[in-house]
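S.K.: Handing over model04.cif, mmCIF, C-alpha atoms and all ligand atoms.
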```cif
data_coords
loop_
_atom_site.label_atom_id
_atom_site.label_comp_id
_atom_site.auth_asym_id
_atom_site.auth_seq_id
_atom_site.Cartn_x
_atom_site.Cartn_y
_atom_site.Cartn_z
CA MET A 491 0.00 0.00 0.00
CA SER A 492 1.44 3.36 -0.96
CA PHE A 493 0.45 4.78 2.44
CA ALA A 494 2.71 2.36 4.33
CA VAL A 495 5.16 5.24 4.71
CA SER A 496 6.34 7.38 7.60
CA ALA A 497 4.23 10.25 8.88
CA ASP A 498 7.17 12.54 8.13
CA ALA A 499 7.23 11.48 4.46
CA TYR A 500 3.47 12.09 4.21
CA ASP A 501 3.76 15.50 5.88
CA ARG A 502 6.41 16.57 3.39
CA PHE A 503 4.50 15.27 0.37
CA MET A 504 0.75 15.75 0.82
CA GLY A 505 0.50 17.03 4.38
CA ARG A 506 1.81 20.41 3.25
CA TYR A 507 -1.45 20.81 1.26
CA SER A 508 -3.87 18.88 3.46
CA VAL A 509 -3.16 20.96 6.62
CA GLN A 510 -4.59 23.91 4.72
CA LEU A 511 -7.78 22.07 3.79
CA ALA A 512 -8.49 20.79 7.30
CA PRO A 513 -9.88 23.98 8.94
CA GLN A 514 -11.87 24.73 5.79
CA LEU A 515 -13.45 21.25 5.74
CA ALA A 516 -14.23 21.50 9.46
CA ASP A 517 -15.97 24.85 8.82
CA HIS A 518 -17.83 23.35 5.85
CA ALA A 519 -19.09 20.51 8.06
CA GLY A 520 -20.19 22.99 10.76
CA VAL A 521 -17.92 21.43 13.41
CA ARG A 522 -18.47 23.17 16.75
CA ALA A 523 -17.83 22.64 20.45
CA GLY A 524 -20.01 19.98 22.06
CA GLN A 525 -19.94 17.63 19.07
CA ARG A 526 -18.40 14.19 18.72
CA VAL A 527 -16.76 13.64 15.34
CA ILE A 528 -14.92 10.84 13.49
CA ASP A 529 -12.08 11.47 11.03
CA VAL A 530 -12.14 8.63 8.48
CA GLY A 531 -8.81 8.01 6.71
CA CYS A 532 -7.05 10.32 9.13
CA GLY A 533 -3.51 9.84 7.78
CA PRO A 534 -1.00 11.28 10.26
CA GLY A 535 -3.68 13.64 11.56
CA ALA A 536 -4.00 16.90 9.59
CA LEU A 537 -7.78 17.07 10.09
CA THR A 538 -7.73 15.13 13.38
CA ALA A 539 -5.60 17.91 14.93
CA VAL A 540 -8.11 20.59 13.92
CA LEU A 541 -10.99 18.52 15.31
CA ALA A 542 -9.14 17.87 18.59
CA ASP A 543 -8.42 21.58 18.90
CA ARG A 544 -12.05 22.55 18.36
CA LEU A 545 -13.80 19.72 20.22
CA GLY A 546 -11.26 18.36 22.71
CA SER A 547 -9.39 15.10 22.05
CA ALA A 548 -11.90 13.02 24.00
CA ASN A 549 -14.60 13.93 21.48
CA VAL A 550 -12.60 12.88 18.43
CA CYS A 551 -12.17 9.40 16.95
CA ALA A 552 -10.04 8.54 13.94
CA ILE A 553 -9.34 5.52 11.73
CA ASP A 554 -6.87 4.67 9.01
CA PRO A 555 -5.71 1.36 7.46
CA SER A 556 -2.07 2.54 7.59
CA GLU A 557 -0.32 1.31 10.77
CA SER A 558 2.33 4.03 10.64
CA PHE A 559 -0.30 6.79 10.39
CA VAL A 560 -2.43 5.45 13.25
CA ALA A 561 0.72 5.16 15.38
CA ALA A 562 1.61 8.78 14.53
CA VAL A 563 -1.85 10.06 15.50
CA ARG A 564 -1.66 8.22 18.82
CA VAL A 565 1.67 9.97 19.58
CA ARG A 566 0.72 13.37 18.20
CA LEU A 567 -2.78 13.54 19.63
CA PRO A 568 -3.00 11.45 22.79
CA GLY A 569 -6.60 11.29 23.94
CA VAL A 570 -7.94 10.81 20.42
CA ASP A 571 -9.35 7.29 19.96
CA ALA A 572 -7.32 6.30 16.87
CA ARG A 573 -7.86 2.81 15.45
CA LEU A 574 -6.62 0.70 12.56
CA ALA A 575 -9.68 0.25 10.31
CA SER A 576 -11.17 1.09 6.92
CA ALA A 577 -14.02 3.36 5.89
CA GLU A 578 -15.97 0.36 4.64
CA ARG A 579 -16.08 -1.14 8.14
CA LEU A 580 -16.04 1.33 11.02
CA PRO A 581 -15.68 -0.23 14.48
CA TRP A 582 -18.36 1.90 16.15
CA ALA A 583 -22.06 1.45 16.81
CA ASP A 584 -24.82 3.15 14.79
CA ARG A 585 -25.48 6.84 15.59
CA THR A 586 -22.30 7.36 17.65
CA PHE A 587 -21.22 10.71 16.12
CA ASP A 588 -22.57 14.13 15.22
CA ALA A 589 -20.44 14.15 12.08
CA ALA A 590 -18.19 11.86 10.03
CA MET A 591 -15.53 13.40 7.82
CA ALA A 592 -13.13 12.06 5.20
CA GLN A 593 -10.47 14.42 3.88
CA LEU A 594 -8.78 13.19 0.65
CA VAL A 595 -9.85 9.59 1.26
CA VAL A 596 -12.95 8.61 -0.76
CA HIS A 597 -10.92 8.11 -3.97
CA PHE A 598 -8.72 5.53 -2.22
CA THR A 599 -11.51 3.40 -0.79
CA SER A 600 -12.25 0.09 -2.52
CA ASP A 601 -15.99 0.86 -2.51
CA PRO A 602 -16.69 4.61 -2.15
CA VAL A 603 -20.47 4.27 -1.76
CA ALA A 604 -20.06 1.53 0.87
CA GLY A 605 -17.59 3.73 2.73
CA LEU A 606 -19.88 6.77 2.67
CA SER A 607 -22.86 4.60 3.72
CA GLU A 608 -20.81 3.30 6.62
CA MET A 609 -19.92 6.87 7.63
CA ALA A 610 -23.65 7.69 7.54
CA ARG A 611 -24.42 4.64 9.69
CA VAL A 612 -22.27 5.87 12.59
CA VAL A 613 -23.75 9.41 12.49
CA ARG A 614 -26.92 10.33 14.38
CA PRO A 615 -30.06 11.17 12.38
CA GLY A 616 -29.74 14.73 11.06
CA GLY A 617 -25.96 14.72 11.51
CA ILE A 618 -23.37 15.52 8.85
CA VAL A 619 -21.16 13.52 6.51
CA ALA A 620 -18.53 15.63 4.72
CA ALA A 621 -15.67 14.74 2.40
CA CYS A 622 -13.30 16.22 -0.15
CA VAL A 623 -11.15 14.88 -2.99
CA TRP A 624 -8.53 16.78 -5.01
CA ASP A 625 -9.44 17.96 -8.50
CA HIS A 626 -7.30 15.26 -10.06
CA ALA A 627 -9.47 15.21 -13.20
CA GLY A 628 -8.84 18.92 -13.81
CA GLU A 629 -5.78 21.14 -13.90
CA TYR A 630 -5.91 22.38 -10.33
CA GLY A 631 -4.89 19.35 -8.27
CA PRO A 632 -1.67 19.50 -6.25
CA LEU A 633 -0.26 16.73 -8.46
CA SER A 634 -1.47 18.06 -11.83
CA ILE A 635 1.97 19.17 -13.03
CA PHE A 636 3.51 15.85 -11.98
CA TRP A 637 0.90 13.76 -13.80
CA GLN A 638 0.99 16.03 -16.87
CA ALA A 639 4.74 15.47 -17.14
CA ALA A 640 4.33 11.73 -16.53
CA ARG A 641 1.67 11.46 -19.27
CA GLU A 642 3.86 13.35 -21.74
CA LEU A 643 6.69 10.88 -21.17
CA ASP A 644 4.56 7.74 -20.91
CA ALA A 645 1.20 7.58 -22.69
CA GLU A 646 0.32 4.41 -20.74
CA VAL A 647 0.65 6.00 -17.30
CA LYS A 648 -2.29 5.47 -14.94
CA ASP A 649 -2.81 8.82 -13.23
CA GLU A 650 -5.44 9.69 -10.58
CA SER A 651 -7.91 11.50 -12.86
CA LEU A 652 -10.44 8.65 -13.03
CA LEU A 653 -10.61 8.03 -9.29
CA ALA A 654 -13.92 8.44 -7.44
CA GLY A 655 -14.79 12.03 -6.61
CA ALA A 656 -11.90 13.52 -8.60
CA ARG A 657 -14.13 15.24 -11.17
CA GLU A 658 -16.57 18.07 -10.49
CA GLY A 659 -19.90 16.88 -9.11
CA HIS A 660 -18.96 13.21 -8.74
CA LEU A 661 -18.50 13.31 -4.98
CA ALA A 662 -22.04 14.68 -4.58
CA GLU A 663 -23.35 11.88 -6.83
CA LEU A 664 -21.69 9.32 -4.55
CA PHE A 665 -23.22 10.99 -1.48
CA VAL A 666 -26.70 10.69 -3.03
CA GLU A 667 -26.04 7.02 -3.91
CA ALA A 668 -25.04 6.45 -0.29
CA GLY A 669 -28.47 7.73 0.80
CA LEU A 670 -27.40 11.10 2.19
CA ARG A 671 -29.92 13.94 2.11
CA SER A 672 -29.65 17.69 1.36
CA VAL A 673 -26.38 17.06 -0.47
CA GLU A 674 -24.42 20.19 -1.42
CA ASP A 675 -21.11 20.42 -3.21
CA SER A 676 -18.50 23.16 -3.43
CA ALA A 677 -14.74 23.56 -3.68
CA LEU A 678 -11.94 24.33 -1.23
CA VAL A 679 -8.54 25.75 -2.18
CA ALA A 680 -5.11 25.20 -0.60
CA THR A 681 -2.24 27.49 -1.55
CA VAL A 682 1.33 26.46 -0.78
CA ASN A 683 4.58 28.37 -1.22
CA HIS A 684 7.45 26.34 -2.66
CA PRO A 685 10.81 28.00 -1.95
CA SER A 686 12.72 25.86 -4.42
CA PHE A 687 12.19 23.21 -7.08
CA ALA A 688 13.94 20.62 -4.84
CA GLU A 689 11.53 21.34 -1.98
CA TRP A 690 8.66 20.60 -4.40
CA TRP A 691 10.26 17.57 -6.10
CA VAL A 692 12.07 15.58 -3.39
CA PRO A 693 8.85 14.60 -1.54
CA PHE A 694 7.65 12.91 -4.77
CA THR A 695 10.58 10.49 -4.38
CA LEU A 696 9.45 9.30 -0.92
CA GLY A 697 6.96 6.75 -2.26
CA VAL A 698 3.79 8.35 -0.84
CA GLY A 699 0.46 7.65 -2.59
CA PRO A 700 0.05 6.72 -6.27
CA ALA A 701 2.31 9.56 -7.51
CA GLY A 702 5.09 8.67 -5.08
CA ALA A 703 4.77 4.97 -5.93
CA TYR A 704 4.98 5.82 -9.64
CA ALA A 705 8.11 7.97 -9.21
CA ALA A 706 9.74 5.39 -6.94
CA GLY A 707 9.08 2.63 -9.49
CA LEU A 708 10.88 4.38 -12.38
CA ASP A 709 14.48 3.56 -13.26
CA PRO A 710 16.93 6.42 -12.54
CA GLU A 711 17.02 7.61 -16.15
CA ARG A 712 13.24 7.85 -16.53
CA ARG A 713 12.90 9.44 -13.10
CA ALA A 714 15.48 12.09 -14.07
CA ALA A 715 13.53 12.77 -17.30
CA LEU A 716 10.32 13.18 -15.31
CA GLN A 717 12.04 15.48 -12.83
CA GLU A 718 13.38 17.64 -15.66
CA ARG A 719 9.99 17.86 -17.41
CA CYS A 720 8.37 18.90 -14.12
CA ARG A 721 11.03 21.59 -13.70
CA GLN A 722 10.20 22.94 -17.17
CA LEU A 723 6.45 22.99 -16.51
CA LEU A 724 6.65 24.73 -13.12
CA PRO A 725 7.22 28.47 -12.67
CA ALA A 726 10.72 29.57 -11.61
CA ALA A 727 11.27 29.21 -7.84
CA PRO A 728 10.12 30.47 -5.48
CA PHE A 729 6.59 29.75 -6.68
CA GLU A 730 3.12 29.34 -5.23
CA LEU A 731 0.73 26.53 -6.19
CA SER A 732 -2.99 26.56 -5.53
CA ALA A 733 -4.87 23.27 -5.45
CA ARG A 734 -8.62 22.74 -5.57
CA ALA A 735 -10.54 20.02 -3.73
CA TRP A 736 -14.10 19.08 -4.67
CA THR A 737 -16.15 18.96 -1.49
CA ALA A 738 -19.54 17.53 -0.55
CA ARG A 739 -21.64 17.44 2.58
CA GLY A 740 -24.93 15.79 3.29
CA ARG A 741 -27.26 14.95 6.15
CA THR A 742 -28.13 11.54 7.48
C1 LIG B 801 -4.23 11.44 0.93
S1 LIG B 801 -4.28 10.60 2.46
C2 LIG B 801 -5.30 11.70 3.44
C3 LIG B 801 -4.92 11.67 4.91
C4 LIG B 801 -5.55 12.76 5.75
N1 LIG B 801 -7.00 12.64 5.79
C5 LIG B 801 -5.14 14.13 5.28
O1 LIG B 801 -6.01 14.88 4.87
O2 LIG B 801 -3.96 14.44 5.30
C6 LIG B 801 -5.36 9.24 2.16
C7 LIG B 801 -5.58 8.38 3.37
O3 LIG B 801 -6.62 7.44 3.11
C8 LIG B 801 -6.28 6.25 3.76
N2 LIG B 801 -7.08 5.16 3.18
C9 LIG B 801 -6.83 4.39 2.11
N3 LIG B 801 -7.80 3.49 1.94
C10 LIG B 801 -8.71 3.71 2.92
C11 LIG B 801 -9.94 3.08 3.29
N4 LIG B 801 -10.45 2.07 2.59
N5 LIG B 801 -10.58 3.54 4.38
C12 LIG B 801 -10.09 4.58 5.09
N6 LIG B 801 -8.93 5.20 4.78
C13 LIG B 801 -8.25 4.77 3.71
C14 LIG B 801 -4.78 6.12 3.54
O4 LIG B 801 -4.16 5.20 4.41
C15 LIG B 801 -4.35 7.55 3.77
O5 LIG B 801 -4.05 7.82 5.11
#
```
How would this structure read if it were set down as structure tokens?
M.R.:
Amino acid sequence: MSFAVSADAYDRFMGRYSVQLAPQLADHAGVRAGQRVIDVGCGPGALTAVLADRLGSANVCAIDPSESFVAAVRVRLPGVDARLASAERLPWADRTFDAAMAQLVVHFTSDPVAGLSEMARVVRPGGIVAACVWDHAGEYGPLSIFWQAARELDAEVKDESLLAGAREGHLAELFVEAGLRSVEDSALVATVNHPSFAEWWVPFTLGVGPAGAYAAGLDPERRAALQERCRQLLPAAPFELSARAWTARGRT
């Protein structure tokens, strides 16, 4: 699994974008003091930390199938009930939470509708399910330049554009299929400053997620060609990249 990596590698690669989404997604889900919330696919805890800050650790639960990420959350956020599990099978009773959230996760689940239905199951009637997925089908994902370069050099490459929720409106369709009500979709934006090309590129070599796995699997010559094409496509450093995430929320 391409998320069997260290929390530090994740932080350097995707965490630098996902920490910016977390407070926005919490606002979008209407998270407020007094609630009990689950973070599904928590990774090393970008969203979990925001929830713990707003609600108190004792009111936050989190799951992820990656052992290293669950271990990191337990160290970083003691008091949060962090467990090794998958969205498709949450180890909590029906109606346990006020909200269930999944930040950048739905596209990695083996059955997105089953995962969203399971999130709905553990939320009380009238509670919220909220999720977001990067705009991998468009030009404004955080990995768009990388996958553009990869496609130019290898027409057979399997990028992330066809994954669930990665195109506009699809996440909301999945929410409706999962039986959620009053479904609304919108977009969130993360903007990250990159001081140098190396600071942008090196995290792609750490093997995180499908892009990291792809880069790590190339022989040195092809990886160098990909690196060079990315350098040509990016603005001169320092540069700023903005990334869009499609977002949906619905009521149980
Ligand atoms: C891009 S990371 C997002 C992590 C974190 N939510 C964040 O925003 O930084 C995707 C996460 O989904 C997790 N994941 C993959 N398959 C999953 C599944 N079936 N159920 C729950 N989480 C899953 C991965 O282990 C990984 O931590």
S.K.: Please compute the atom CA of Ala610 of chain A-atom CA of Arg506 of chain A distance, one decimal, in Å.
M.R.: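 Interatomic distance, atom CA of Ala610 of chain A to atom CA of Arg506 of chain A: 28.8 Å.
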S.K.: Excluding segment 661-667 of chain A and any residue of its chain fewer than 2 positions from it, enumerate the residues within 10 Å of it, using only C-alpha atoms, and give them as a PyMOL selection string.
M.R.: chain A and resi 596-597+602-604+606-607+610+619-623+654-659+669-676+736-741
S.K.: Print the selection's residues with C-alpha atoms to a file, as a JSON list (two decimals), keeping the file's coordinate frame.
M.R.:
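Everything below was put into selection.json:
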```json
[["chain", "number", "residue", "atom", "x", "y", "z"],
["A", 596, "VAL", "CA", -12.95, 8.61, -0.76],
["A", 597, "HIS", "CA", -10.92, 8.11, -3.97],
["A", 602, "PRO", "CA", -16.69, 4.61, -2.15],
["A", 603, "VAL", "CA", -20.47, 4.27, -1.76],
["A", 604, "ALA", "CA", -20.06, 1.53, 0.87],
["A", 606, "LEU", "CA", -19.88, 6.77, 2.67],
["A", 607, "SER", "CA", -22.86, 4.60, 3.72],
["A", 610, "ALA", "CA", -23.65, 7.69, 7.54],
["A", 619, "VAL", "CA", -21.16, 13.52, 6.51],
["A", 620, "ALA", "CA", -18.53, 15.63, 4.72],
["A", 621, "ALA", "CA", -15.67, 14.74, 2.40],
["A", 622, "CYS", "CA", -13.30, 16.22, -0.15],
["A", 623, "VAL", "CA", -11.15, 14.88, -2.99],
["A", 654, "ALA", "CA", -13.92, 8.44, -7.44],
["A", 655, "GLY", "CA", -14.79, 12.03, -6.61],
["A", 656, "ALA", "CA", -11.90, 13.52, -8.60],
["A", 657, "ARG", "CA", -14.13, 15.24, -11.17],
["A", 658, "GLU", "CA", -16.57, 18.07, -10.49],
["A", 659, "GLY", "CA", -19.90, 16.88, -9.11],
["A", 669, "GLY", "CA", -28.47, 7.73, 0.80],
["A", 670, "LEU", "CA", -27.40, 11.10, 2.19],
["A", 671, "ARG", "CA", -29.92, 13.94, 2.11],
["A", 672, "SER", "CA", -29.65, 17.69, 1.36],
["A", 673, "VAL", "CA", -26.38, 17.06, -0.47],
["A", 674, "GLU", "CA", -24.42, 20.19, -1.42],
["A", 675, "ASP", "CA", -21.11, 20.42, -3.21],
["A", 676, "SER", "CA", -18.50, 23.16, -3.43],
["A", 736, "TRP", "CA", -14.10, 19.08, -4.67],
["A", 737, "THR", "CA", -16.15, 18.96, -1.49],
["A", 738, "ALA", "CA", -19.54, 17.53, -0.55],
["A", 739, "ARG", "CA", -21.64, 17.44, 2.58],
["A", 740, "GLY", "CA", -24.93, 15.79, 3.29],
["A", 741, "ARG", "CA", -27.26, 14.95, 6.15]]
```
S.K.: So which residues are near ligand LIG 801 (chain B), meaning at most 6 Å away with all atoms listed in the file counted, given back as a PyMOL selection string?
M.R.: chain A and resi 493+505+508+530-533+536-537+554-556+576-577+593-595+598-600
S.K.: Do you know which residues are at most 9 Å from Met504 of chain A counting all atoms listed in the file, after dropping those on the same chain fewer than 5 positions away, and could you put them as a compact mmCIF listing (two decimals) with C-alpha atoms, keeping the file's coordinate frame?
M.R.:
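Ended up saving to out_24.txt:
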```
# COMPACT_ATOMS: atom_id res chain seq x y z
CA ALA A 499 7.23 11.48 4.46
CA VAL A 509 -3.16 20.96 6.62
CA PRO A 632 -1.67 19.50 -6.25
CA PRO A 693 8.85 14.60 -1.54
CA VAL A 698 3.79 8.35 -0.84
CA GLY A 699 0.46 7.65 -2.59
```
S.K.: Please indicate the distance in Å from atom CA of Gly535 of chain A to atom CA of Tyr630 of chain A, rounded to one decimal place.
M.R.: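 About the pair atom CA of Gly535 of chain A and atom CA of Tyr630 of chain A: they are 23.7 Å apart.
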S.K.: Using all atoms listed in the file, pick whichever of A:Thr538, A:Leu545, A:Tyr500, A:Ala561 has the shortest atom-to-atom distance to Gly520 of chain A.
M.R.: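 The closest residue to Gly520 of chain A is A:Leu545.
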S.K.: Considering all atoms listed in the file, state which residue in the set A:Asn549, A:Thr586, A:Ser558, A:Thr681 is at the smallest distance from Arg526 of chain A.
M.R.: A:Asn549
S.K.: Nearest to Ala733 of chain A among A:Val495, A:Ile553, A:Leu574, A:Leu678, with distances taken over all atoms listed in the file: which residue is it?
M.R.: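 Checking each candidate against Ala733 of chain A, we get A:Leu678 as the closest.
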S.K.: Pick the closest to Ala703 of chain A from A:Glu557, A:Glu629, A:Asp498, A:Asp649: which is it, counting only C-alpha atoms?
M.R.: A:Asp649
